[in-house]
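As stored in model_38.pdb (PDB, C-alpha atoms):
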ATOM      1  CA  MET A 506       6.258  -7.884 -19.731  1.00  0.00           C
ATOM      2  CA  ALA A 507       2.773  -8.420 -18.275  1.00  0.00           C
ATOM      3  CA  PRO A 508       1.198  -5.188 -16.976  1.00  0.00           C
ATOM      4  CA  ASN A 509       0.228  -4.540 -13.372  1.00  0.00           C
ATOM      5  CA  TRP A 510      -3.460  -3.686 -13.152  1.00  0.00           C
ATOM      6  CA  LEU A 511      -4.928  -1.372 -10.556  1.00  0.00           C
ATOM      7  CA  VAL A 512      -8.427  -1.322  -9.105  1.00  0.00           C
ATOM      8  CA  PHE A 513      -9.506   2.257  -8.359  1.00  0.00           C
ATOM      9  CA  ARG A 514     -12.471   3.611  -6.387  1.00  0.00           C
ATOM     10  CA  PRO A 515     -12.633   7.416  -6.698  1.00  0.00           C
ATOM     11  CA  MET A 516     -13.733   9.790  -3.967  1.00  0.00           C
ATOM     12  CA  ASP A 517     -17.163  11.384  -4.207  1.00  0.00           C
ATOM     13  CA  GLU A 518     -16.356  15.094  -4.087  1.00  0.00           C
ATOM     14  CA  MET A 519     -19.795  15.950  -2.733  1.00  0.00           C
ATOM     15  CA  GLU A 520     -20.048  13.375   0.056  1.00  0.00           C
ATOM     16  CA  TRP A 521     -16.385  12.767   1.007  1.00  0.00           C
ATOM     17  CA  ALA A 522     -16.901   9.045   0.583  1.00  0.00           C
ATOM     18  CA  LEU A 523     -15.846   6.442  -1.961  1.00  0.00           C
ATOM     19  CA  GLU A 524     -17.939   6.147  -5.107  1.00  0.00           C
ATOM     20  CA  PRO A 525     -19.928   2.860  -5.469  1.00  0.00           C
ATOM     21  CA  TRP A 526     -18.105   1.840  -8.638  1.00  0.00           C
ATOM     22  CA  LEU A 527     -14.699   0.660  -9.832  1.00  0.00           C
ATOM     23  CA  TRP A 528     -12.243   1.431 -12.603  1.00  0.00           C
ATOM     24  CA  PHE A 529      -9.396  -0.754 -13.849  1.00  0.00           C
ATOM     25  CA  THR A 530      -6.167   0.676 -15.256  1.00  0.00           C
ATOM     26  CA  ASP A 531      -2.737  -0.513 -16.357  1.00  0.00           C
ATOM     27  CA  GLY A 532      -1.431   3.058 -16.364  1.00  0.00           C
ATOM     28  CA  ARG A 533      -2.165   3.554 -20.054  1.00  0.00           C
ATOM     29  CA  GLN A 534      -5.881   2.848 -20.384  1.00  0.00           C
ATOM     30  CA  TRP A 535      -8.858   3.121 -18.063  1.00  0.00           C
ATOM     31  CA  ILE A 536     -11.680   0.582 -18.255  1.00  0.00           C
ATOM     32  CA  GLY A 537     -14.983   1.207 -16.503  1.00  0.00           C
ATOM     33  CA  PRO A 538     -16.794   2.274 -14.522  1.00  0.00           C
ATOM     34  CA  PHE A 539     -18.268  -0.973 -13.173  1.00  0.00           C
ATOM     35  CA  GLU A 540     -20.967  -0.659 -10.520  1.00  0.00           C
ATOM     36  CA  MET A 541     -20.357  -2.474  -7.258  1.00  0.00           C
ATOM     37  CA  PRO A 542     -23.092  -4.980  -6.331  1.00  0.00           C
ATOM     38  CA  GLU A 543     -25.403  -3.471  -3.728  1.00  0.00           C
ATOM     39  CA  PRO A 544     -24.381  -5.789  -0.818  1.00  0.00           C
ATOM     40  CA  CYS A 545     -20.737  -4.867  -1.398  1.00  0.00           C
ATOM     41  CA  ARG A 546     -21.172  -1.171  -0.830  1.00  0.00           C
ATOM     42  CA  GLU A 547     -21.554  -1.366   2.924  1.00  0.00           C
ATOM     43  CA  ARG A 548     -20.153  -4.763   3.866  1.00  0.00           C
ATOM     44  CA  GLY A 549     -17.139  -5.052   1.586  1.00  0.00           C
ATOM     45  CA  CYS A 550     -16.069  -6.840  -1.588  1.00  0.00           C
ATOM     46  CA  GLU A 551     -12.795  -6.886  -3.468  1.00  0.00           C
ATOM     47  CA  ALA A 552     -11.868  -7.143  -7.123  1.00  0.00           C
ATOM     48  CA  VAL A 553      -9.685 -10.106  -8.091  1.00  0.00           C
ATOM     49  CA  LEU A 554      -8.426 -11.915 -11.175  1.00  0.00           C
ATOM     50  CA  GLN A 555      -9.970 -15.318 -11.890  1.00  0.00           C
ATOM     51  CA  PRO A 556      -9.193 -17.798 -14.680  1.00  0.00           C
ATOM     52  CA  ARG A 557     -12.268 -18.688 -16.753  1.00  0.00           C
ATOM     53  CA  ASP A 558     -12.348 -20.557 -20.067  1.00  0.00           C
ATOM     54  CA  SER A 559      -8.568 -20.194 -20.618  1.00  0.00           C
ATOM     55  CA  GLU A 560      -8.703 -16.419 -19.957  1.00  0.00           C
ATOM     56  CA  TRP A 561      -8.283 -14.204 -16.922  1.00  0.00           C
ATOM     57  CA  TYR A 562     -11.235 -12.040 -15.852  1.00  0.00           C
ATOM     58  CA  ALA A 563     -11.597  -9.100 -13.505  1.00  0.00           C
ATOM     59  CA  CYS A 564     -14.229 -10.189 -10.968  1.00  0.00           C
ATOM     60  CA  VAL A 565     -15.635  -8.968  -7.675  1.00  0.00           C
ATOM     61  CA  ARG A 566     -16.130 -11.291  -4.722  1.00  0.00           C
ATOM     62  CA  PRO A 567     -17.045 -10.897  -1.036  1.00  0.00           C
ATOM     63  CA  SER A 568     -14.080  -9.970   1.152  1.00  0.00           C
ATOM     64  CA  SER A 569     -15.695 -11.524   4.256  1.00  0.00           C
ATOM     65  CA  GLY A 570     -19.029 -12.728   5.562  1.00  0.00           C
ATOM     66  CA  LEU A 571     -20.829 -12.591   2.202  1.00  0.00           C
ATOM     67  CA  ASP A 572     -19.966 -16.020   0.855  1.00  0.00           C
ATOM     68  CA  ARG A 573     -23.451 -16.535  -0.600  1.00  0.00           C
ATOM     69  CA  LEU A 574     -23.121 -13.499  -2.822  1.00  0.00           C
ATOM     70  CA  PRO A 575     -22.424 -14.717  -6.373  1.00  0.00           C
ATOM     71  CA  ILE A 576     -19.081 -13.709  -7.867  1.00  0.00           C
ATOM     72  CA  GLU A 577     -19.596 -11.220 -10.673  1.00  0.00           C
ATOM     73  CA  CYS A 578     -17.069 -11.043 -13.525  1.00  0.00           C
ATOM     74  CA  TRP A 579     -16.786  -8.196 -16.000  1.00  0.00           C
ATOM     75  CA  ILE A 580     -13.900  -8.107 -18.472  1.00  0.00           C
ATOM     76  CA  PRO A 581     -11.036 -10.309 -19.739  1.00  0.00           C
ATOM     77  CA  LEU A 582      -7.551  -8.998 -18.922  1.00  0.00           C
ATOM     78  CA  PRO A 583      -3.988 -10.195 -19.664  1.00  0.00           C
ATOM     79  CA  PRO A 584      -2.507 -12.869 -17.368  1.00  0.00           C
ATOM     80  CA  PRO A 585      -1.010 -11.453 -14.150  1.00  0.00           C
ATOM     81  CA  PRO A 586       2.730 -10.752 -13.915  1.00  0.00           C
ATOM     82  CA  GLU A 587       5.010 -13.106 -12.032  1.00  0.00           C
ATOM     83  CA  ASP A 588       5.505 -12.261  -8.355  1.00  0.00           C
ATOM     84  CA  ARG A 589       8.936 -11.050  -7.276  1.00  0.00           C
ATOM     85  CA  ARG A 590      10.568 -12.626  -4.249  1.00  0.00           C
ATOM     86  CA  GLU A 591      10.549 -10.363  -1.184  1.00  0.00           C
ATOM     87  CA  TYR A 592      12.944 -10.218   1.762  1.00  0.00           C
ATOM     88  CA  ARG A 593      11.554  -8.614   4.927  1.00  0.00           C
ATOM     89  CA  GLN A 594      12.847  -7.790   8.370  1.00  0.00           C
ATOM     90  CA  ILE A 595      11.165  -6.096  11.331  1.00  0.00           C
ATOM     91  CA  CYS A 596      13.380  -4.411  13.899  1.00  0.00           C
ATOM     92  CA  GLN A 597      13.045  -1.899  16.733  1.00  0.00           C
ATOM     93  CA  GLY A 598      15.058   1.008  18.035  1.00  0.00           C
ATOM     94  CA  PRO A 599      14.920   3.737  20.688  1.00  0.00           C
ATOM     95  CA  ILE A 600      12.923   6.819  19.830  1.00  0.00           C
ATOM     96  CA  ASP A 601      15.771   9.106  20.944  1.00  0.00           C
ATOM     97  CA  ALA A 602      18.315   7.623  18.486  1.00  0.00           C
ATOM     98  CA  PRO A 603      18.934   9.786  15.369  1.00  0.00           C
ATOM     99  CA  VAL A 604      19.750   6.700  13.268  1.00  0.00           C
ATOM    100  CA  LEU A 605      18.243   3.205  13.490  1.00  0.00           C
ATOM    101  CA  ARG A 606      20.055   0.064  12.348  1.00  0.00           C
ATOM    102  CA  CYS A 607      18.295  -2.891  10.790  1.00  0.00           C
ATOM    103  CA  PRO A 608      19.984  -6.065   9.449  1.00  0.00           C
ATOM    104  CA  LEU A 609      18.260  -7.850   6.561  1.00  0.00           C
ATOM    105  CA  SER A 610      19.040 -11.406   5.462  1.00  0.00           C
ATOM    106  CA  VAL A 611      19.089 -11.642   1.650  1.00  0.00           C
ATOM    107  CA  GLY A 612      19.644 -15.222   0.576  1.00  0.00           C
ATOM    108  CA  GLU A 613      22.980 -16.287   2.039  1.00  0.00           C
ATOM    109  CA  SER A 614      24.157 -12.754   2.813  1.00  0.00           C
ATOM    110  CA  LYS A 615      23.162 -10.053   5.290  1.00  0.00           C
ATOM    111  CA  VAL A 616      22.810  -6.318   4.662  1.00  0.00           C
ATOM    112  CA  ASP A 617      22.959  -3.764   7.490  1.00  0.00           C
ATOM    113  CA  PHE A 618      20.812  -0.717   6.826  1.00  0.00           C
ATOM    114  CA  GLU A 619      21.082   2.624   8.601  1.00  0.00           C
ATOM    115  CA  VAL A 620      17.737   4.406   8.556  1.00  0.00           C
ATOM    116  CA  PRO A 621      17.165   8.027   9.664  1.00  0.00           C
ATOM    117  CA  ASN A 622      14.773   8.115  12.607  1.00  0.00           C
ATOM    118  CA  ALA A 623      11.862  10.187  11.306  1.00  0.00           C
ATOM    119  CA  PHE A 624      10.566  10.648  14.879  1.00  0.00           C
ATOM    120  CA  TYR A 625      13.833  11.811  16.443  1.00  0.00           C
ATOM    121  CA  GLY A 626      13.119  15.017  18.365  1.00  0.00           C
ATOM    122  CA  ARG A 627       9.400  14.918  17.491  1.00  0.00           C
ATOM    123  CA  VAL A 628       8.126  12.906  20.472  1.00  0.00           C
ATOM    124  CA  GLU A 629       8.957  14.410  23.871  1.00  0.00           C
ATOM    125  CA  ASP A 630       8.995  12.996  27.395  1.00  0.00           C
ATOM    126  CA  CYS A 631       8.394   9.418  26.358  1.00  0.00           C
ATOM    127  CA  ALA A 632      10.691   7.046  28.220  1.00  0.00           C
ATOM    128  CA  LYS A 633       8.647   3.994  27.191  1.00  0.00           C
ATOM    129  CA  CYS A 634       8.498   4.827  23.464  1.00  0.00           C
ATOM    130  CA  TRP A 635      10.221   2.986  20.652  1.00  0.00           C
ATOM    131  CA  VAL A 636      10.250   2.885  16.847  1.00  0.00           C
ATOM    132  CA  ASP A 637       9.223  -0.156  14.792  1.00  0.00           C
ATOM    133  CA  VAL A 638      10.936  -0.435  11.396  1.00  0.00           C
ATOM    134  CA  LEU A 639       9.992  -2.723   8.523  1.00  0.00           C
ATOM    135  CA  VAL A 640      12.632  -3.049   5.796  1.00  0.00           C
ATOM    136  CA  TRP A 641      11.885  -4.971   2.641  1.00  0.00           C
ATOM    137  CA  LEU A 642      13.812  -5.641  -0.518  1.00  0.00           C
ATOM    138  CA  LEU A 643      12.696  -7.195  -3.791  1.00  0.00           C
ATOM    139  CA  GLU A 644      14.923  -9.725  -5.490  1.00  0.00           C
ATOM    140  CA  GLY A 645      17.101  -8.042  -8.120  1.00  0.00           C
ATOM    141  CA  ASN A 646      16.589  -4.500  -6.755  1.00  0.00           C
ATOM    142  CA  THR A 647      19.318  -2.084  -5.729  1.00  0.00           C
ATOM    143  CA  ALA A 648      17.035  -0.258  -3.285  1.00  0.00           C
ATOM    144  CA  ALA A 649      15.020  -1.257  -0.225  1.00  0.00           C
ATOM    145  CA  LEU A 650      11.981   0.344   1.394  1.00  0.00           C
ATOM    146  CA  ALA A 651      11.978   1.232   5.088  1.00  0.00           C
ATOM    147  CA  ALA A 652       8.648   1.995   6.793  1.00  0.00           C
ATOM    148  CA  MET A 653       8.643   3.141  10.419  1.00  0.00           C
ATOM    149  CA  LYS A 654       6.137   4.056  13.108  1.00  0.00           C
ATOM    150  CA  TRP A 655       6.582   4.971  16.745  1.00  0.00           C
ATOM    151  CA  ASP A 656       4.737   3.233  19.572  1.00  0.00           C
ATOM    152  CA  LYS A 657       4.729   2.967  23.357  1.00  0.00           C
ATOM    153  CA  GLU A 658       3.165   1.108  26.251  1.00  0.00           C
ATOM    154  CA  TRP A 659      -0.272   2.713  26.275  1.00  0.00           C
ATOM    155  CA  GLY A 660      -2.170   2.931  29.545  1.00  0.00           C
ATOM    156  CA  PRO A 661      -5.663   1.419  29.928  1.00  0.00           C
ATOM    157  CA  GLU A 662      -7.309   4.853  29.618  1.00  0.00           C
ATOM    158  CA  GLU A 663      -5.112   6.157  26.797  1.00  0.00           C
ATOM    159  CA  VAL A 664      -6.315   6.281  23.202  1.00  0.00           C
ATOM    160  CA  PRO A 665      -3.403   5.809  20.767  1.00  0.00           C
ATOM    161  CA  PRO A 666      -3.303   8.610  18.176  1.00  0.00           C
ATOM    162  CA  LEU A 667      -3.259   8.076  14.429  1.00  0.00           C
ATOM    163  CA  ILE A 668       0.439   8.136  13.569  1.00  0.00           C
ATOM    164  CA  SER A 669       1.794   8.426  10.048  1.00  0.00           C
ATOM    165  CA  VAL A 670       4.017   5.630   8.743  1.00  0.00           C
ATOM    166  CA  GLU A 671       7.194   7.373   7.570  1.00  0.00           C
ATOM    167  CA  MET A 672       8.966   5.800   4.578  1.00  0.00           C
ATOM    168  CA  PHE A 673      12.460   5.978   3.085  1.00  0.00           C
ATOM    169  CA  ILE A 674      14.172   4.624  -0.029  1.00  0.00           C
ATOM    170  CA  LEU A 675      17.440   2.939   1.003  1.00  0.00           C
ATOM    171  CA  ASP A 676      20.264   2.585  -1.526  1.00  0.00           C
ATOM    172  CA  LEU A 677      22.181  -0.709  -1.493  1.00  0.00           C
ATOM    173  CA  GLN A 678      25.044   0.969  -3.353  1.00  0.00           C
ATOM    174  CA  GLY A 679      25.792   3.456  -0.598  1.00  0.00           C
ATOM    175  CA  GLY A 680      23.697   6.484  -1.544  1.00  0.00           C
ATOM    176  CA  GLN A 681      21.907   8.581   1.068  1.00  0.00           C
ATOM    177  CA  PRO A 682      18.417   7.480   2.210  1.00  0.00           C
ATOM    178  CA  ARG A 683      15.611   9.486   0.582  1.00  0.00           C
ATOM    179  CA  VAL A 684      12.198  10.377   2.000  1.00  0.00           C
ATOM    180  CA  LEU A 685       9.627   8.556  -0.133  1.00  0.00           C
ATOM    181  CA  ILE A 686       6.827  11.169   0.073  1.00  0.00           C
ATOM    182  CA  PRO A 687       7.734  14.477   1.767  1.00  0.00           C
ATOM    183  CA  GLN A 688       5.264  15.717   4.354  1.00  0.00           C
ATOM    184  CA  GLU A 689       4.477  18.892   2.414  1.00  0.00           C
ATOM    185  CA  GLU A 690       3.260  16.839  -0.590  1.00  0.00           C
ATOM    186  CA  ARG A 691       0.798  14.632   1.261  1.00  0.00           C
ATOM    187  CA  VAL A 692      -2.896  15.010   0.634  1.00  0.00           C
ATOM    188  CA  ASN A 693      -4.258  14.023   4.044  1.00  0.00           C
ATOM    189  CA  ALA A 694      -1.080  14.054   6.182  1.00  0.00           C
ATOM    190  CA  ILE A 695      -1.233  10.418   7.348  1.00  0.00           C
ATOM    191  CA  LEU A 696       0.577   7.711   5.365  1.00  0.00           C
ATOM    192  CA  ASP A 697      -1.053   4.428   6.320  1.00  0.00           C
ATOM    193  CA  ARG A 698       0.819   1.623   4.534  1.00  0.00           C
ATOM    194  CA  ALA A 699       2.554   0.573   1.333  1.00  0.00           C
ATOM    195  CA  ASP A 700       2.093  -2.309  -1.124  1.00  0.00           C
ATOM    196  CA  PHE A 701       4.427  -3.379  -3.945  1.00  0.00           C
ATOM    197  CA  SER A 702       3.000  -4.393  -7.313  1.00  0.00           C
ATOM    198  CA  PRO A 703       3.250  -8.114  -8.121  1.00  0.00           C
ATOM    199  CA  ASP A 704       6.354  -7.611 -10.277  1.00  0.00           C
ATOM    200  CA  GLY A 705       7.919  -5.005  -7.965  1.00  0.00           C
ATOM    201  CA  ARG A 706       8.066  -2.144 -10.476  1.00  0.00           C
ATOM    202  CA  PHE A 707       5.603   0.058  -8.600  1.00  0.00           C
ATOM    203  CA  LEU A 708       4.508   0.825  -5.067  1.00  0.00           C
ATOM    204  CA  LEU A 709       1.161   2.013  -3.706  1.00  0.00           C
ATOM    205  CA  VAL A 710       1.161   4.261  -0.649  1.00  0.00           C
ATOM    206  CA  TYR A 711      -2.117   5.035   1.126  1.00  0.00           C
ATOM    207  CA  ASP A 712      -2.642   8.638   2.237  1.00  0.00           C
ATOM    208  CA  VAL A 713      -5.648   9.019   4.560  1.00  0.00           C
ATOM    209  CA  SER A 714      -7.291  11.699   6.673  1.00  0.00           C
ATOM    210  CA  PRO A 715      -7.066  11.570  10.484  1.00  0.00           C
ATOM    211  CA  MET A 716     -10.702  10.454  10.553  1.00  0.00           C
ATOM    212  CA  ALA A 717      -9.974   7.776   7.896  1.00  0.00           C
ATOM    213  CA  ASP A 718     -12.910   8.787   5.726  1.00  0.00           C
ATOM    214  CA  GLU A 719     -10.907  10.494   2.967  1.00  0.00           C
ATOM    215  CA  TYR A 720      -8.433   8.611   0.802  1.00  0.00           C
ATOM    216  CA  ALA A 721      -5.722   9.298  -1.728  1.00  0.00           C
ATOM    217  CA  THR A 722      -3.344   6.731  -3.224  1.00  0.00           C
ATOM    218  CA  TRP A 723       0.194   7.451  -4.393  1.00  0.00           C
ATOM    219  CA  VAL A 724       1.439   5.345  -7.311  1.00  0.00           C
ATOM    220  CA  VAL A 725       5.237   5.330  -7.041  1.00  0.00           C
ATOM    221  CA  SER A 726       7.646   4.088  -9.699  1.00  0.00           C
ATOM    222  CA  TRP A 727      10.191   1.871  -7.945  1.00  0.00           C
ATOM    223  CA  PRO A 728      12.981   2.479  -7.126  1.00  0.00           C
ATOM    224  CA  ASP A 729      13.358   5.946  -8.701  1.00  0.00           C
ATOM    225  CA  GLY A 730      10.496   7.365  -6.597  1.00  0.00           C
ATOM    226  CA  ASN A 731       8.632   9.228  -9.355  1.00  0.00           C
ATOM    227  CA  ARG A 732       4.969   9.400  -8.354  1.00  0.00           C
ATOM    228  CA  ILE A 733       1.437  10.533  -9.050  1.00  0.00           C
ATOM    229  CA  VAL A 734      -1.524  10.696  -6.677  1.00  0.00           C
ATOM    230  CA  LEU A 735      -5.043   9.404  -7.311  1.00  0.00           C
ATOM    231  CA  PRO A 736      -8.006  10.930  -5.392  1.00  0.00           C
ATOM    232  CA  GLY A 737      -9.471   7.730  -4.023  1.00  0.00           C
ATOM    233  CA  LEU A 738      -8.559   4.202  -2.982  1.00  0.00           C
ATOM    234  CA  ALA A 739      -6.519   1.966  -5.305  1.00  0.00           C
ATOM    235  CA  TYR A 740      -5.110  -1.536  -4.900  1.00  0.00           C
ATOM    236  CA  TRP A 741      -3.395  -4.110  -7.091  1.00  0.00           C
ATOM    237  CA  LEU A 742      -5.594  -6.514  -9.021  1.00  0.00           C
ATOM    238  CA  ARG A 743      -4.234  -9.936  -8.029  1.00  0.00           C
ATOM    239  CA  PRO A 744      -5.299 -13.561  -8.631  1.00  0.00           C
ATOM    240  CA  ASP A 745      -8.040 -14.773  -6.302  1.00  0.00           C
ATOM    241  CA  SER A 746      -6.254 -16.385  -3.349  1.00  0.00           C
ATOM    242  CA  ASP A 747      -9.396 -18.314  -2.317  1.00  0.00           C
ATOM    243  CA  ARG A 748      -9.391 -20.435  -5.443  1.00  0.00           C
TER
END
For the file at hand, write its structure as structure tokens.
Amino acid sequence: MAPNWLVFRPMDEMEWALEPWLWFTDGRQWIGPFEMPEPCRERGCEAVLQPRDSEWYACVRPSSGLDRLPIECWIPLPPPPEDRREYRQICQGPIDAPVLRCPLSVGESKVDFEVPNAFYGRVEDCAKCWVDVLVWLLEGNTAALAAMKWDKEWGPEEVPPLISVEMFILDLQGGQPRVLIPQEERVNAILDRADFSPDGRFLLVYDVSPMADEYATWVVSWPDGNRIVLPGLAYWLRPDSDR
């Protein structure tokens, strides 16, 4: 089975910012560090896989607005794993409901999920609040991921707060929903988003500070939920979509 490769930018412990270099890892070996090109450090580049001379290479390219910057490639890596098919559904529910229901169409069938409302009893005096839920399932899995966040109709002078995305593992075989990362384990208190690996065996969850200048990344084995945390920003190394 082809490995999933991660791109990792560690935190600078002295400056509370991301280091200007990258590592690559498949969970067994670490390759690097590779220095980011100077224009990338402030304006943004991303590492991608590109085919070159019948091999795949880890390269860095501009993420936006730097199209004239030459693409720099570093090391050959194994071909990427095959993507798993995903089924997704977005639904909404009242903030004062203890349980939220979300139907998900999976091929020709439909699954009704009951998700605990992580914000039940936590948001007071909010008649115009609701909860958005995203449920997604990977083909062949027996568990789904539910990610939820509360929202409301904000007034013109209101500044929406940074709200953690709460996540649950849902069992298709009737087991109880499980909290993905308990609040007491989080590094920076705010879970921002999640991203499945190309083959669906792992999940990245981004754990950020309220000021969004400190990062940690949880690497979660899916669907058992075993996890480690990396002190920095990590993302999956995928084929270059612009090619």
Report task. Find the residue from A:Pro608, A:Pro544, A:Pro584, A:Pro682 that sits nearest to Ala563 in chain A; use only C-alpha atoms when measuring. Result ->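 Distance minimum relative to Ala563 in chain A lands on A:Pro584.
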Query - range 611-613 of chain A environment, 9 Å, only C-alpha atoms, sequence neighbours closer than 6 positions dropped, as number ranges by chain - result: A: 592-593, 642, 644
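Going from CA of Gly537 in chain A over to CA of Ser568 in chain A, you cover 20.9 Å.
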Query raised in the report: So which residues touch Cys607 in chain A within 9 Å, counting all atoms listed in the file, skipping near sequence neighbours fewer than 2 positions away, as JSON, numbers by chain?
Result: {"A": [594, 595, 596, 597, 598, 605, 609, 616, 617, 618, 619, 620, 638, 639, 640]}
Query raised in the report: Nearest to Met506 in chain A: which of A:Asp704, A:Leu523, A:Gly532, A:Leu582 is it, counting all atoms listed in the file?
Result: A:Asp704
Query raised in the report: What is the distance between CA of Glu658 in chain A and CA of Trp635 in chain A, in Å to one decimal?
Result: 9.2 Å
Query - Proximity to Tyr720 in chain A - best of A:Leu677, A:Val670, A:Ala522, A:Ala652, all atoms listed in the file - result: A:Ala522
Query raised in the report: Hey, can you check how far CA of Val604 in chain A sits from CA of Leu696 in chain A?
Result: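 These two atoms are separated by 20.8 Å.
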Requested in this report: Between A:Gly645, A:Pro567, A:Gly680, A:Pro715, single out the one closest to Arg589 in chain A, counting all atoms listed in the file.
Outcome: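 Checking each of A:Gly645, A:Pro567, A:Gly680, A:Pro715 against Arg589 in chain A, counting all atoms listed in the file, the winner is A:Gly645.
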Query - Residues matched by the PyMOL selection byres ((chain A and resi 671-675) around 10), written as a ChimeraX atom specification - result: /A:618-624,638-642,647-655,668-670,676-688,695-699,710,727-730
Query raised in the report: Once the PyMOL selection byres ((chain A and resi 510) around 9) has been applied to the shown file, what residues remain in the selection, as a PyMOL selection string?
Result: chain A and resi 508-509+511-512+529-532+582+585+702+740-743
Report task. Find, counting all atoms listed in the file, the residue in A:Lys615, A:Arg557, A:Lys657, A:Arg533 that gets nearest to Ala632 in chain A. Result ->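 Once distances to Ala632 in chain A are computed over all atoms listed in the file, the minimum belongs to A:Lys657.
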Query raised in the report: Within 12 Å of Gly737 in chain A, counting all atoms listed in the file, which residues qualify if same-chain residues fewer than 5 places away don't, as a VMD selection string?
Result: chain A and resid 512 to 518 521 to 528 692 to 693 710 to 714 717 to 724
All residues 7 Å or closer to Tyr625 in chain A, all atoms listed in the file, same chain fewer than 3 positions away omitted, as a PDB file with C-alpha atoms, in the frame of the given file:
ATOM      1  CA  ILE A 600      12.923   6.819  19.830  1.00  0.00           C
ATOM      2  CA  ASP A 601      15.771   9.106  20.944  1.00  0.00           C
ATOM      3  CA  ALA A 602      18.315   7.623  18.486  1.00  0.00           C
ATOM      4  CA  PRO A 603      18.934   9.786  15.369  1.00  0.00           C
ATOM      5  CA  ASN A 622      14.773   8.115  12.607  1.00  0.00           C
TER       6      ASN A 622
END
**Report entry** Shortest interatomic distance to Gly549 in chain A - which of A:Leu738, A:Val565, A:Met716, A:Ile536, counting all atoms listed in the file
**Finding:**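 Counting all atoms listed in the file, the residue closest to Gly549 in chain A is A:Val565.
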Query raised in the report: Residues at most 10 Å from Pro581 in chain A, counting only C-alpha atoms, excluding those fewer than 6 positions away in the same chain, as a ChimeraX atom specification?
Result: /A:554-557,560-564
